[in-house]
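See below for entry-v4.csv, which holds CSV, C-alpha atoms.
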```csv
chain,number,residue,atom,x,y,z
A,1,MET,CA,66.9,74.3,74.5
A,2,LYS,CA,68.5,75.6,77.7
A,3,SER,CA,71.7,76.5,75.7
A,4,LYS,CA,69.8,78.6,73.2
A,5,ARG,CA,68.0,80.4,76.1
A,6,VAL,CA,71.4,81.2,77.7
A,7,ILE,CA,72.8,82.5,74.4
A,8,ASN,CA,69.8,84.7,73.9
A,9,SER,CA,70.0,86.0,77.4
A,10,ILE,CA,73.7,86.9,77.0
A,11,CYS,CA,72.9,88.6,73.7
A,12,ASP,CA,70.2,90.6,75.4
A,13,LYS,CA,72.7,91.8,78.0
A,14,MET,CA,75.2,92.8,75.4
A,15,LYS,CA,73.0,95.8,74.4
A,16,ASP,CA,73.6,97.3,77.8
A,17,ILE,CA,77.4,97.2,77.5
A,18,PRO,CA,79.2,100.1,75.7
A,19,ALA,CA,79.8,99.3,72.1
A,20,ASP,CA,83.6,99.9,72.4
A,21,SER,CA,84.0,97.9,75.6
A,22,LEU,CA,87.2,95.8,75.9
A,23,ILE,CA,85.2,93.2,77.9
A,24,LYS,CA,83.9,91.8,74.6
A,25,ASN,CA,87.4,90.5,73.9
A,26,TYR,CA,86.9,87.9,76.7
A,27,PHE,CA,83.8,86.3,75.2
A,28,PRO,CA,82.3,83.7,74.9
A,29,VAL,CA,81.2,83.4,78.6
A,30,ASP,CA,78.8,81.5,80.8
A,31,TYR,CA,77.8,84.4,82.9
A,32,ILE,CA,77.6,88.2,82.5
A,33,ASP,CA,76.3,91.1,84.6
A,34,SER,CA,76.7,94.8,84.4
A,35,PHE,CA,76.0,97.4,87.0
A,36,SER,CA,76.2,101.2,86.5
A,37,LYS,CA,75.8,104.4,88.4
A,38,VAL,CA,75.7,108.0,87.2
A,39,MET,CA,78.0,109.9,89.5
A,40,VAL,CA,77.9,113.5,90.4
A,41,THR,CA,81.6,114.6,90.5
A,42,GLY,CA,83.7,117.7,90.2
A,43,GLN,CA,86.0,116.2,87.6
A,44,ALA,CA,86.2,113.3,85.3
A,45,LEU,CA,87.3,110.0,86.8
A,46,THR,CA,89.8,107.8,84.8
A,47,PRO,CA,89.5,104.0,84.9
A,48,GLU,CA,92.6,104.0,87.1
A,49,ASP,CA,90.8,106.4,89.5
A,50,PHE,CA,87.7,104.3,89.4
A,51,ARG,CA,89.7,101.1,90.2
A,52,ASN,CA,91.6,102.7,93.1
A,53,LEU,CA,88.4,104.2,94.6
A,54,ALA,CA,86.6,100.9,94.2
A,55,PHE,CA,89.2,98.5,95.6
A,56,SER,CA,91.5,100.5,97.9
A,57,ARG,CA,88.9,101.0,100.7
A,58,PHE,CA,86.4,98.1,100.8
A,59,PRO,CA,83.6,98.5,103.3
A,60,LYS,CA,84.5,96.3,106.3
A,61,TRP,CA,81.8,93.7,105.6
A,62,ILE,CA,83.2,93.1,102.1
A,63,GLY,CA,86.7,92.6,103.6
A,64,TRP,CA,85.3,90.1,106.1
A,65,LEU,CA,83.5,88.2,103.2
A,66,MET,CA,86.7,88.1,101.2
A,67,ASN,CA,88.7,86.8,104.2
A,68,PHE,CA,86.0,84.1,104.8
A,69,ARG,CA,86.1,83.2,101.1
A,70,ASN,CA,89.9,82.9,101.1
A,71,ALA,CA,89.8,80.6,104.2
A,72,ILE,CA,87.4,78.3,102.5
A,73,VAL,CA,89.0,78.1,99.0
A,74,LYS,CA,92.7,78.1,100.0
A,75,PRO,CA,92.7,74.4,100.9
A,76,LEU,CA,91.2,73.7,97.4
A,77,GLY,CA,94.3,75.3,95.8
A,78,LEU,CA,92.5,78.4,94.5
A,79,ASP,CA,94.5,81.7,94.4
A,80,THR,CA,93.9,83.8,97.5
A,81,ALA,CA,97.0,86.1,97.3
A,82,THR,CA,96.4,88.1,94.2
A,83,ARG,CA,94.8,91.5,94.8
A,84,PHE,CA,92.3,93.2,92.4
A,85,THR,CA,94.7,96.1,91.9
A,86,ASP,CA,97.3,93.7,90.6
A,87,MET,CA,95.0,92.2,87.9
A,88,VAL,CA,95.0,94.8,85.2
A,89,LEU,CA,95.1,92.9,81.9
A,90,ASP,CA,94.1,95.6,79.4
A,91,LYS,CA,93.1,99.2,79.3
A,92,ASN,CA,92.2,102.2,77.1
A,93,LEU,CA,91.1,105.7,77.7
A,94,HIS,CA,87.6,104.7,79.1
A,95,GLU,CA,88.2,101.3,80.6
A,96,GLU,CA,90.4,98.9,82.5
A,97,ILE,CA,90.0,95.1,82.4
A,98,LEU,CA,90.9,93.2,85.5
A,99,GLY,CA,90.9,89.5,85.6
A,100,MET,CA,92.5,86.2,86.3
A,101,PRO,CA,92.3,82.8,84.6
A,102,ASP,CA,92.3,80.0,87.1
A,103,LYS,CA,91.9,76.2,86.9
A,104,HIS,CA,88.2,76.4,88.0
A,105,LEU,CA,87.0,79.5,86.2
A,106,ASP,CA,88.1,82.6,84.3
A,107,PHE,CA,86.7,85.9,85.4
A,108,HIS,CA,87.2,89.3,84.0
A,109,VAL,CA,85.9,92.7,85.2
A,110,SER,CA,85.5,95.9,83.2
A,111,MET,CA,85.9,99.1,85.1
A,112,TRP,CA,84.3,101.5,82.5
A,113,CYS,CA,84.0,105.3,82.8
A,114,GLY,CA,81.6,107.2,80.5
A,115,GLU,CA,82.1,110.7,79.2
A,116,TYR,CA,82.1,113.4,81.8
A,117,HIS,CA,79.3,115.9,81.0
A,118,GLU,CA,77.9,118.7,83.2
A,119,GLY,CA,79.3,117.4,86.4
A,120,LYS,CA,78.1,113.8,85.8
A,121,GLN,CA,79.7,110.6,84.7
A,122,GLU,CA,78.5,107.0,84.3
A,123,LEU,CA,80.6,104.4,85.9
A,124,ARG,CA,80.0,100.8,85.0
A,125,ILE,CA,81.3,97.5,86.4
A,126,THR,CA,80.7,94.5,84.1
A,127,THR,CA,81.7,91.0,85.1
A,128,VAL,CA,82.1,88.0,82.8
A,129,VAL,CA,82.7,84.4,83.9
A,130,LYS,CA,83.7,81.3,82.0
A,131,TYR,CA,83.5,78.0,83.8
A,132,ASN,CA,86.5,75.7,83.2
A,133,ASN,CA,85.1,72.7,85.2
A,134,TRP,CA,82.4,71.6,87.6
A,135,LEU,CA,84.3,73.2,90.5
A,136,GLY,CA,84.1,76.6,88.8
A,137,ARG,CA,80.4,76.2,88.3
A,138,ALA,CA,79.8,75.1,91.9
A,139,TYR,CA,82.0,77.9,93.3
A,140,PHE,CA,80.2,80.6,91.3
A,141,PHE,CA,76.8,79.2,92.2
A,142,ILE,CA,77.8,79.7,95.9
A,143,ILE,CA,79.2,83.2,95.5
A,144,ARG,CA,76.9,84.6,92.9
A,145,PRO,CA,74.3,85.9,95.3
A,146,PHE,CA,77.0,87.9,97.1
A,147,HIS,CA,78.6,89.1,93.9
A,148,GLY,CA,75.8,91.5,92.9
A,149,ILE,CA,75.4,92.9,96.4
A,150,ILE,CA,79.2,93.6,96.6
A,151,VAL,CA,79.3,95.3,93.1
A,152,LYS,CA,76.4,97.5,94.0
A,153,SER,CA,77.9,98.3,97.3
A,154,ILE,CA,81.2,99.2,95.6
A,155,LEU,CA,79.4,101.6,93.2
A,156,LYS,CA,77.6,103.3,96.1
A,157,HIS,CA,80.9,103.5,98.1
A,158,VAL,CA,82.7,105.1,95.2
A,159,ALA,CA,79.8,107.6,95.0
A,160,GLY,CA,80.5,108.5,98.6
A,161,ASP,CA,78.9,111.8,99.4
A,162,ARG,CA,79.1,113.0,95.8
A,163,GLY,CA,75.7,111.5,95.2
A,164,GLY,CA,74.6,109.6,92.2
A,165,VAL,CA,71.5,108.5,90.3
A,166,GLY,CA,70.5,104.9,91.1
A,167,VAL,CA,72.4,101.7,90.4
A,168,ASN,CA,71.3,99.9,87.2
A,169,LYS,CA,71.7,96.1,86.9
A,170,TYR,CA,71.7,93.8,84.0
A,171,SER,CA,72.7,90.1,84.5
A,172,HIS,CA,72.4,86.6,83.2
```
Could the structure of this file be written out as structure tokens, please?
Amino acid sequence: MKSKRVINSICDKMKDIPADSLIKNYFPVDYIDSFSKVMVTGQALTPEDFRNLAFSRFPKWIGWLMNFRNAIVKPLGLDTATRFTDMVLDKNLHEEILGMPDKHLDFHVSMWCGEYHEGKQELRITTVVKYNNWLGRAYFFIIRPFHGIIVKSILKHVAGDRGGVGVNKYSH
């Protein structure tokens, strides 16, 4: 019964993801979330602009958490050298997909930019995770609480002093 509940929950979250999103090419998944923010900006951002703003200047506390994570997982043989900016797997006019398959889990992140209209643009970060073994499930169980906090912080950081209208969250 739990499996049916998970499938229904994932299907419910799909309605929040843009219909033409490339992230759907990485399904089926065990976990999905999607956070968005409407940005006030003087010009349209491209997915590349969005990625560069999001990952080139982490708030210091996120850098500390990433360094802490790397120190813990490196002895387990997990990748700690690859940077988010080196992980672009797919892209189109509105979206870039970042990701990395690994022995414990596969994760993919969509950096999606909505249409620019009257000085506003929706930016959305969607994450999908597929567990490959028990280590992946255990690892994501530990980092999952931090994941949402980090993604929301990144969206707020990208907004900077340009303002924005709330951060919306959808997850399973």
Pick out the residues sitting within 6 Å of Cys113 of chain A, and hand them over as a PyMOL selection string; count only C-alpha atoms, and ignore anything fewer than 2 positions along from it in its own chain. chain A and resi 94+122-123
Would you mind listing what lies within 6 Å of His104 of chain A as a tab-separated table (two decimals) with C-alpha atoms, in the coordinates of the input, with all atoms listed in the file counted and same-chain residues fewer than 6 positions away left out?
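Everything below was put into out_32.tsv:
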```
chain	number	residue	atom	x	y	z
A	132	ASN	CA	86.50	75.70	83.20
A	133	ASN	CA	85.10	72.70	85.20
A	135	LEU	CA	84.30	73.20	90.50
A	136	GLY	CA	84.10	76.60	88.80
```
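Distances from A:Leu53, A:Thr46, A:Phe68, A:Met39 to Ile143 of chain A were compared using only C-alpha atoms, and the smallest one belongs to A:Phe68.
Here the question is which of A:Ser56, A:Thr127, A:Ser153, A:Ser34 gets nearest to Gly99 of chain A using only C-alpha atoms, and that residue is A:Thr127.
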Using all atoms listed in the file, can you tell me which of A:Phe50, A:Phe141, A:Trp112, A:Trp61 comes closest to Asp20 of chain A?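 Under the stated criterion, the closest residue is A:Trp112.
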